[in-house]
Amino acid sequence: MRLAASFTALAGVACLVASCGGRSGLSESAPGAKLPVSCVIDADCKAADLCKPQQCSENGLCEAAPPVVCDDGNVCTEDSCKKATGECVFESLVEDSDGDGVVGARSGVSASVAEMCGQDCDDTSRTVHPGQPEVCDGKDNDCNGVVDDGAVFLPSGQAPLLVSVGSERAQASGIGFDGDNFALNYAGKEDSWKIFFQSISFSGQTQSRVPLTSVNADTFGGPLLWTGTEYAVAWEDARLDDNYEIYFNRLDRTGAKFAADLRITRADDFSLHPSIVYGEGEYLIAWDDRRPEVGAGPRAVAIYGQRISKGGELIGGNVRLTPVDSGSEGPSLASGKASVGMVYSSIVGGAPILNFRSLSRDLTQLGTIVDLGFSNVRSTSIVWVEDRFLVFWDAFTDAPGPNIWGAALAEDGRVLVAPRQVTDYGQFARGHSAVSLGDRALLVWSDFRHGNYELSTKQLSTALGALTPESRITTTSSETLNPYAAVGTGGAVGILFEDWQSGSRQAYFTALSCQGARTALP
């Protein structure tokens, strides 16, 4: 009997170890595995992460309980659980960054579809939020999706100012705005043609003009570009090799150069018509060039490009951007979202046609050449507006055509709006400048409707429809041509142009002011 009892006791111990049944039995575990914890009540079960709590099961072992679910049903909060306490935390995904009392939209979500997360369409500006009065500042102040609702740009009321004082005659070439003042770039004929820089306020207050070239050769101005910290300028210069080459420099707000002039081209024939853009920390210049390797004859012109560092140093060499036999001239550049758009003319059958090509900023990828199906093209320009390139040009055969033309292209070159007239006067129109107003463009041009050439302006949608009536800018009795426009602050627009009112061709400045925001258009 003792022996039997002993076997019974041993069997009981073995059954306990093997979990033969019972509330406190232990299961077999793999070597090194954590054994289940015995419990009587839920409090006996401790969890390191209280968002994933433990509970006491019916068989007396701690097991996983349903996890804490934190969801307040609000898409405008980020829901989480604190491991240490098991408490739910609901953090707002929006904030009032600019302190105007209205929170902005969720990051990466348009304010118009943010499901009440935030209605401030620009949470970096205190002058932009729903309910804010619309003013002429190039912003959608009331967040209704329209910039400067109903605004029109009209002459400021000040007489045009002669800026090429001291020059026998002058040619306008570029204008920029540095946040405080406009800067003008023009070529003036004195002992030779020189390029000058002139800083001027919206009200017409000028600083002393600065000569940008003083070499024993003619130099002619090119575009003037403000990057946000400095100006950049490129021009045609005949100081060496008995032909025109492209030069470049960077300027401060006063026109002072940061370094010696940088020579861009070293061709055996003329290099002309530079255009500049700036982005991703470097400059890109394009121009037309008559190089021996291109060939001979009237079609021996191609467009080249050059990268320049922010510090003003060449990056690589000149890169040909158009075919050798295309007769390509007059490039104009504009920065898009991911690439640079270039519009230019090329010779086909004796008449210049309109072409577009997209460029990668490093010039390693050249897009397909797009023929816009328009001939007799002159004075091309391009500007990025909202989500597309808007292209403008003059039509010219034996004389200027009756209208300025335009087209719209996607960044990849797809034609969104086919060539169409964007001005509607029926005799002569020539010389234009277009600037982006964010969601639309402002076009300035010269036409002959008043018995001589005068400047007019209008606003155009991204579909090239007229948003405002045409408005006359100048009222002289002499010819007024070749406008260059730049947008300042508070709805100010500066315009550099040429006029013969002094008896010779000179450079003048005038300004437009933005008026009538939120008023209905005629």
# chains A, B, ... in the order shown; residues from 1 in each chain; ligands from 1

call {"tool": "residues_around", "arguments": {"residues": "Val135 in chain A", "least_positions_apart": "6", "cutoff": "9 Å", "atoms": "only C-alpha atoms", "output": "list of chain:residue names"}}
result
A:Asn141, A:Asp148, A:Asp149, A:Ala151, A:Gly490, A:Gly491, A:Cys514, A:Gln515, A:Gly516, A:Ala517, A:Arg518

call {"tool": "select_by_dssp", "arguments": {"residues": "range 318-481 of chain A", "states": "strand (DSSP E or B)", "output": "number ranges by chain"}}
result
A: 318-320, 329-335, 340-348, 351-359, 366, 370-375, 377-385, 388-396, 400-409, 415-421, 429-436, 441-447, 454-460, 466, 471-472, 480-481

call {"tool": "select_by_dssp", "arguments": {"residues": "range 35-261 of chain A", "states": "helix (DSSP H, G or I)", "output": "PDB file with all heavy atoms, in the first residue's frame"}}
result
ATOM      1  N   ASP A  42      -7.502  39.719 -12.563  1.00  0.00           N
ATOM      2  CA  ASP A  42      -6.824  40.458 -13.638  1.00  0.00           C
ATOM      3  C   ASP A  42      -5.651  41.287 -13.128  1.00  0.00           C
ATOM      4  O   ASP A  42      -4.655  41.486 -13.836  1.00  0.00           O
ATOM      5  CB  ASP A  42      -7.822  41.390 -14.345  1.00  0.00           C
ATOM      6  CG  ASP A  42      -8.816  40.628 -15.193  1.00  0.00           C
ATOM      7  OD1 ASP A  42      -8.576  39.442 -15.458  1.00  0.00           O
ATOM      8  OD2 ASP A  42      -9.844  41.238 -15.586  1.00  0.00           O
ATOM      9  N   ALA A  43      -5.739  41.763 -11.899  1.00  0.00           N
ATOM     10  CA  ALA A  43      -4.677  42.607 -11.348  1.00  0.00           C
ATOM     11  C   ALA A  43      -3.363  41.859 -11.210  1.00  0.00           C
ATOM     12  O   ALA A  43      -2.290  42.468 -11.074  1.00  0.00           O
ATOM     13  CB  ALA A  43      -5.111  43.169  -9.994  1.00  0.00           C
ATOM     14  N   ASP A  44      -3.441  40.493 -11.198  1.00  0.00           N
ATOM     15  CA  ASP A  44      -2.214  39.709 -11.100  1.00  0.00           C
ATOM     16  C   ASP A  44      -1.403  39.763 -12.399  1.00  0.00           C
ATOM     17  O   ASP A  44      -0.233  39.376 -12.434  1.00  0.00           O
ATOM     18  CB  ASP A  44      -2.550  38.238 -10.800  1.00  0.00           C
ATOM     19  CG  ASP A  44      -3.217  38.071  -9.446  1.00  0.00           C
ATOM     20  OD1 ASP A  44      -2.996  38.948  -8.575  1.00  0.00           O
ATOM     21  OD2 ASP A  44      -3.968  37.095  -9.277  1.00  0.00           O
ATOM     22  N   ALA A 111      -6.754  72.878 -48.700  1.00  0.00           N
ATOM     23  CA  ALA A 111      -7.682  73.478 -47.743  1.00  0.00           C
ATOM     24  C   ALA A 111      -9.127  73.290 -48.183  1.00  0.00           C
ATOM     25  O   ALA A 111     -10.041  73.273 -47.363  1.00  0.00           O
ATOM     26  CB  ALA A 111      -7.364  74.960 -47.578  1.00  0.00           C
ATOM     27  N   SER A 112      -9.358  73.128 -49.473  1.00  0.00           N
ATOM     28  CA  SER A 112     -10.725  73.021 -49.970  1.00  0.00           C
ATOM     29  C   SER A 112     -11.334  71.639 -49.720  1.00  0.00           C
ATOM     30  O   SER A 112     -12.544  71.469 -49.800  1.00  0.00           O
ATOM     31  CB  SER A 112     -10.758  73.331 -51.469  1.00  0.00           C
ATOM     32  OG  SER A 112      -9.970  72.391 -52.175  1.00  0.00           O
ATOM     33  N   VAL A 113     -10.503  70.629 -49.412  1.00  0.00           N
ATOM     34  CA  VAL A 113     -11.024  69.280 -49.188  1.00  0.00           C
ATOM     35  C   VAL A 113     -10.535  68.710 -47.860  1.00  0.00           C
ATOM     36  O   VAL A 113     -10.509  67.504 -47.669  1.00  0.00           O
ATOM     37  CB  VAL A 113     -10.612  68.346 -50.341  1.00  0.00           C
ATOM     38  CG1 VAL A 113     -11.243  68.787 -51.642  1.00  0.00           C
ATOM     39  CG2 VAL A 113      -9.101  68.266 -50.489  1.00  0.00           C
TER      40      VAL A 113
END

call {"tool": "residues_around", "arguments": {"residues": "range 201-209 of chain A", "least_positions_apart": "5", "cutoff": "8 Å", "atoms": "only C-alpha atoms", "output": "ChimeraX atom specification"}}
result
/A:158,161,180-182,196,492,494,511

call {"tool": "write_last_selection", "arguments": {"atoms": "N, CA, C and O atoms", "output": "PDB file, in the first residue's frame"}}
result
ATOM      1  N   GLN A 158       1.523 108.801 -62.501  1.00  0.00           N
ATOM      2  CA  GLN A 158       2.769 109.540 -62.631  1.00  0.00           C
ATOM      3  C   GLN A 158       3.249 109.508 -64.079  1.00  0.00           C
ATOM      4  O   GLN A 158       3.100 108.503 -64.764  1.00  0.00           O
ATOM      5  N   LEU A 161       9.016 108.308 -66.734  1.00  0.00           N
ATOM      6  CA  LEU A 161      10.288 108.909 -66.341  1.00  0.00           C
ATOM      7  C   LEU A 161      11.383 108.496 -67.320  1.00  0.00           C
ATOM      8  O   LEU A 161      11.586 107.302 -67.579  1.00  0.00           O
ATOM      9  N   ASP A 180      12.234  95.811 -52.626  1.00  0.00           N
ATOM     10  CA  ASP A 180      12.151  97.212 -52.234  1.00  0.00           C
ATOM     11  C   ASP A 180      12.021  98.129 -53.449  1.00  0.00           C
ATOM     12  O   ASP A 180      11.181  99.028 -53.467  1.00  0.00           O
ATOM     13  N   ASN A 181      12.850  97.894 -54.446  1.00  0.00           N
ATOM     14  CA  ASN A 181      12.883  98.759 -55.617  1.00  0.00           C
ATOM     15  C   ASN A 181      12.921  97.938 -56.900  1.00  0.00           C
ATOM     16  O   ASN A 181      13.303  96.762 -56.899  1.00  0.00           O
ATOM     17  N   PHE A 182      12.524  98.580 -57.989  1.00  0.00           N
ATOM     18  CA  PHE A 182      12.728  98.015 -59.315  1.00  0.00           C
ATOM     19  C   PHE A 182      14.154  98.314 -59.759  1.00  0.00           C
ATOM     20  O   PHE A 182      14.767  99.294 -59.318  1.00  0.00           O
ATOM     21  N   PHE A 196      23.780  99.826 -68.729  1.00  0.00           N
ATOM     22  CA  PHE A 196      23.612 100.537 -67.466  1.00  0.00           C
ATOM     23  C   PHE A 196      22.578  99.841 -66.589  1.00  0.00           C
ATOM     24  O   PHE A 196      21.632  99.225 -67.082  1.00  0.00           O
ATOM     25  N   ALA A 492       1.943  96.493 -57.306  1.00  0.00           N
ATOM     26  CA  ALA A 492       2.676  97.404 -58.196  1.00  0.00           C
ATOM     27  C   ALA A 492       3.317  96.625 -59.332  1.00  0.00           C
ATOM     28  O   ALA A 492       3.825  95.519 -59.144  1.00  0.00           O
ATOM     29  N   GLY A 494       6.114  97.455 -62.489  1.00  0.00           N
ATOM     30  CA  GLY A 494       7.005  98.402 -63.144  1.00  0.00           C
ATOM     31  C   GLY A 494       7.183  98.023 -64.602  1.00  0.00           C
ATOM     32  O   GLY A 494       7.230  96.834 -64.937  1.00  0.00           O
ATOM     33  N   ALA A 511       4.762 102.989 -64.157  1.00  0.00           N
ATOM     34  CA  ALA A 511       4.279 102.002 -63.193  1.00  0.00           C
ATOM     35  C   ALA A 511       2.764 101.862 -63.289  1.00  0.00           C
ATOM     36  O   ALA A 511       2.045 102.808 -63.623  1.00  0.00           O
TER      37      ALA A 511
END

call {"tool": "residues_around", "arguments": {"residues": "Asp122 in chain A", "least_positions_apart": "2", "cutoff": "10 Å", "atoms": "only C-alpha atoms", "output": "list in words"}}
result
Ser97, Asp98, Val102, Val103, Gly104, Ala105, Ala111, Gln119, Asp120, Thr124, Ser125, Arg126, Thr127, Val128, His129, Lys139, Asp140, Asn141 and Cys143 of chain A

call {"tool": "residues_around", "arguments": {"residues": "Ser433 in chain A", "least_positions_apart": "6", "cutoff": "7 Å", "atoms": "only C-alpha atoms", "output": "JSON, numbers by chain"}}
result
{"A": [443, 444, 445, 483, 484, 485]}

call {"tool": "residues_around", "arguments": {"residues": "Phe177 in chain A", "least_positions_apart": "4", "cutoff": "10 Å", "atoms": "only C-alpha atoms", "output": "list in words"}}
result
Asn181, Phe182, Ala183, Leu184, Ser199, Ile200, Ser201, Leu224, Leu225, Trp226, Thr227, Gly228, Tyr231, Arg253, Ala485, Ala486, Val487, Gly488, Thr489, Val493 and Gly494 of chain A

call {"tool": "residues_around", "arguments": {"residues": "range 261-271 of chain A", "least_positions_apart": "6", "cutoff": "7 Å", "atoms": "only C-alpha atoms", "output": "PyMOL selection string"}}
result
chain A and resi 243-249+287-292
